[in-house]
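Reading through the structure tokens given below for one structure.
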Amino acid sequence: MSQMFVFHGVDSKVGTTMISQSVAELIADNLKDKKILFASLNGRLNDQYADHVGESIEGIKIYLDNKVLSTNELMESCKRTDNLYHIAGIDSIGVSRYYHPETAMYFLEAIEDCFDIIVVDSGNELDDGLAIGALEGIKEKFCIITQQESVLKRYEKLETIYKKLGISFNCVIINKYNTSNSYDLDYITNRLSISSEEIMKVEMTDLYLQAEMDCCTLIHYNDRNYINDIIEISNKILGLCNIDICLKRKRKWRSFI
């Protein structure tokens, strides 16, 4: 049975896809004996950091709706490397309302015995059926924020909704973290009433535009701070999986592109 983890952004452009996909790729590159799936359960395709994606939730919608998904065929069509699999989200604009929480839950139940670790990008919308299904169906949840005042205010506004939906996060990740910003770790933990054990950071890098142009995640560049922070998140996930392996930084990362 898979260990599942879902990443959810408080707002758009906080980097949810980049972080979640980076984590999935890094774990897959280090645990060759494990099958790792990165899946987008939200209203966007989320393929901007991959040179190809063989399958998408939109492409298998008819099988999900009729609960006749063939997991063997799915695994063949979504494979990217020997042990890394990638399922994109929805390509068509304005159709996300036709996807319901039950669709995401059936999908997760159908594939839970096919992979060792499943990493899900649930986007940032709480009126998205796939995202709600992922957040309700997956126990281990990570919330992505930034140091922007508008993002912190949105988190504070959404906190009541999270509680009503029964959504609680294992960890809050401050992405694009700038050490010179006055909204530092101490300020954010105090303001959002988060314990120091439940907050992590991913430092800012200037390589985001380059990564999008190259269709790959930031772990494929020699940004030591970014890679080290992704390693920390990945190690937290492996700890929750009871996998006694501590990932360390390699001298050179093998590219998936």
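The chains in the structure tokens are called A, B, ... from first to last as shown; in each chain the residues are counted from 1, and the ligands are counted from 1 in the order shown.
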Legend entry - Polymer residues at most 9 Å from A:Lys32, only C-alpha atoms, same-chain spacing of 2 or more positions, as a list of chain:residue names: A:Ile27, A:Ala28, A:Asp29, A:Asn30, A:Lys34, A:Lys35, A:Asp82, A:Asn83, A:Leu84
Inset, instruction - Could you give me the residues within stretch 20-222 of chain A that DSSP places in strand (DSSP E or B), as a ChimeraX atom specification? - result: /A:36-40,55-56,79,84-88,117-121,140-145,171-177,199-203
Inset, instruction - Rank nothing, just name the residue among A:Asp51, A:Asp33, A:Leu26, A:His100 nearest to A:Ala211, using only C-alpha atoms. - result: A:Asp51
What are the closest atom pairs, with distances in Å to one decimal, for all residues of stretch 116-234 of chain A lying within 8 Å of stretch 8-12 of chain A? Consider only C-alpha atoms, order rows by chain and residue number, and present the result as a Markdown table.
| residue | atom | partner | partner_atom | distance |
| --- | --- | --- | --- | --- |
| A:Asp121 | CA | A:His8 | CA | 6.5 |
| A:Ser122 | CA | A:His8 | CA | 5.3 |
| A:Gly123 | CA | A:His8 | CA | 5.6 |
| A:Asn124 | CA | A:Gly9 | CA | 4.5 |
| A:Glu125 | CA | A:Asp11 | CA | 7.8 |
| A:Lys141 | CA | A:His8 | CA | 7.5 |
| A:Phe142 | CA | A:His8 | CA | 6.2 |
| A:Cys143 | CA | A:His8 | CA | 5.0 |
| A:Ile144 | CA | A:Gly9 | CA | 4.6 |
| A:Ile145 | CA | A:Val10 | CA | 5.8 |
| A:Val151 | CA | A:Asp11 | CA | 6.5 |
| A:Arg154 | CA | A:Val10 | CA | 6.9 |
| A:Tyr155 | CA | A:Val10 | CA | 6.0 |
| A:Leu158 | CA | A:Val10 | CA | 8.0 |
Need the shell around stretch 71-80 of chain A: protein/DNA/RNA residues with any atom at most 6 Å away, counting only C-alpha atoms. Skip same-chain ones fewer than 2 positions apart. Format as a PDB file with all heavy atoms, in the first residue's frame?
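Written out: out.pdb:
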ATOM      1  N   GLY A  54       3.003  11.434 -20.119  1.00  0.00           N
ATOM      2  CA  GLY A  54       2.285  10.470 -20.933  1.00  0.00           C
ATOM      3  C   GLY A  54       0.792  10.408 -20.686  1.00  0.00           C
ATOM      4  O   GLY A  54       0.027  10.096 -21.590  1.00  0.00           O
ATOM      5  N   GLU A  55       0.364  10.722 -19.467  1.00  0.00           N
ATOM      6  CA  GLU A  55      -1.051  10.580 -19.143  1.00  0.00           C
ATOM      7  C   GLU A  55      -1.494  11.725 -18.242  1.00  0.00           C
ATOM      8  O   GLU A  55      -0.685  12.380 -17.577  1.00  0.00           O
ATOM      9  CB  GLU A  55      -1.307   9.233 -18.458  1.00  0.00           C
ATOM     10  CG  GLU A  55      -2.776   8.860 -18.343  1.00  0.00           C
ATOM     11  CD  GLU A  55      -3.515   8.930 -19.684  1.00  0.00           C
ATOM     12  OE1 GLU A  55      -4.034  10.029 -20.002  1.00  0.00           O
ATOM     13  OE2 GLU A  55      -3.568   7.913 -20.378  1.00  0.00           O
ATOM     14  N   LEU A  84      10.035   6.425 -11.685  1.00  0.00           N
ATOM     15  CA  LEU A  84       9.282   7.668 -11.509  1.00  0.00           C
ATOM     16  C   LEU A  84       8.132   7.722 -12.506  1.00  0.00           C
ATOM     17  O   LEU A  84       8.332   7.542 -13.706  1.00  0.00           O
ATOM     18  CB  LEU A  84      10.174   8.893 -11.699  1.00  0.00           C
ATOM     19  CG  LEU A  84       9.458  10.252 -11.624  1.00  0.00           C
ATOM     20  CD1 LEU A  84       8.903  10.499 -10.218  1.00  0.00           C
ATOM     21  CD2 LEU A  84      10.385  11.385 -12.036  1.00  0.00           C
ATOM     22  N   TYR A  85       6.926   7.979 -12.002  1.00  0.00           N
ATOM     23  CA  TYR A  85       5.716   8.052 -12.809  1.00  0.00           C
ATOM     24  C   TYR A  85       5.095   9.434 -12.624  1.00  0.00           C
ATOM     25  O   TYR A  85       5.203  10.032 -11.551  1.00  0.00           O
ATOM     26  CB  TYR A  85       4.723   6.969 -12.400  1.00  0.00           C
ATOM     27  CG  TYR A  85       5.270   5.559 -12.514  1.00  0.00           C
ATOM     28  CD1 TYR A  85       6.174   5.060 -11.576  1.00  0.00           C
ATOM     29  CD2 TYR A  85       4.899   4.732 -13.575  1.00  0.00           C
ATOM     30  CE1 TYR A  85       6.685   3.774 -11.683  1.00  0.00           C
ATOM     31  CE2 TYR A  85       5.410   3.447 -13.694  1.00  0.00           C
ATOM     32  CZ  TYR A  85       6.306   2.972 -12.749  1.00  0.00           C
ATOM     33  OH  TYR A  85       6.822   1.702 -12.862  1.00  0.00           O
ATOM     34  N   HIS A  86       4.436   9.938 -13.664  1.00  0.00           N
ATOM     35  CA  HIS A  86       3.908  11.307 -13.627  1.00  0.00           C
ATOM     36  C   HIS A  86       2.546  11.348 -14.318  1.00  0.00           C
ATOM     37  O   HIS A  86       2.422  10.976 -15.486  1.00  0.00           O
ATOM     38  CB  HIS A  86       4.889  12.249 -14.334  1.00  0.00           C
ATOM     39  CG  HIS A  86       4.541  13.699 -14.216  1.00  0.00           C
ATOM     40  ND1 HIS A  86       5.418  14.701 -14.569  1.00  0.00           N
ATOM     41  CD2 HIS A  86       3.420  14.336 -13.803  1.00  0.00           C
ATOM     42  CE1 HIS A  86       4.853  15.881 -14.369  1.00  0.00           C
ATOM     43  NE2 HIS A  86       3.629  15.677 -13.915  1.00  0.00           N
ATOM     44  N   ILE A  87       1.546  11.787 -13.583  1.00  0.00           N
ATOM     45  CA  ILE A  87       0.204  11.969 -14.139  1.00  0.00           C
ATOM     46  C   ILE A  87      -0.160  13.438 -14.023  1.00  0.00           C
ATOM     47  O   ILE A  87      -0.190  14.003 -12.920  1.00  0.00           O
ATOM     48  CB  ILE A  87      -0.834  11.102 -13.398  1.00  0.00           C
ATOM     49  CG1 ILE A  87      -0.507   9.621 -13.566  1.00  0.00           C
ATOM     50  CG2 ILE A  87      -2.241  11.399 -13.928  1.00  0.00           C
ATOM     51  CD1 ILE A  87      -1.425   8.709 -12.803  1.00  0.00           C
TER      52      ILE A  87
END
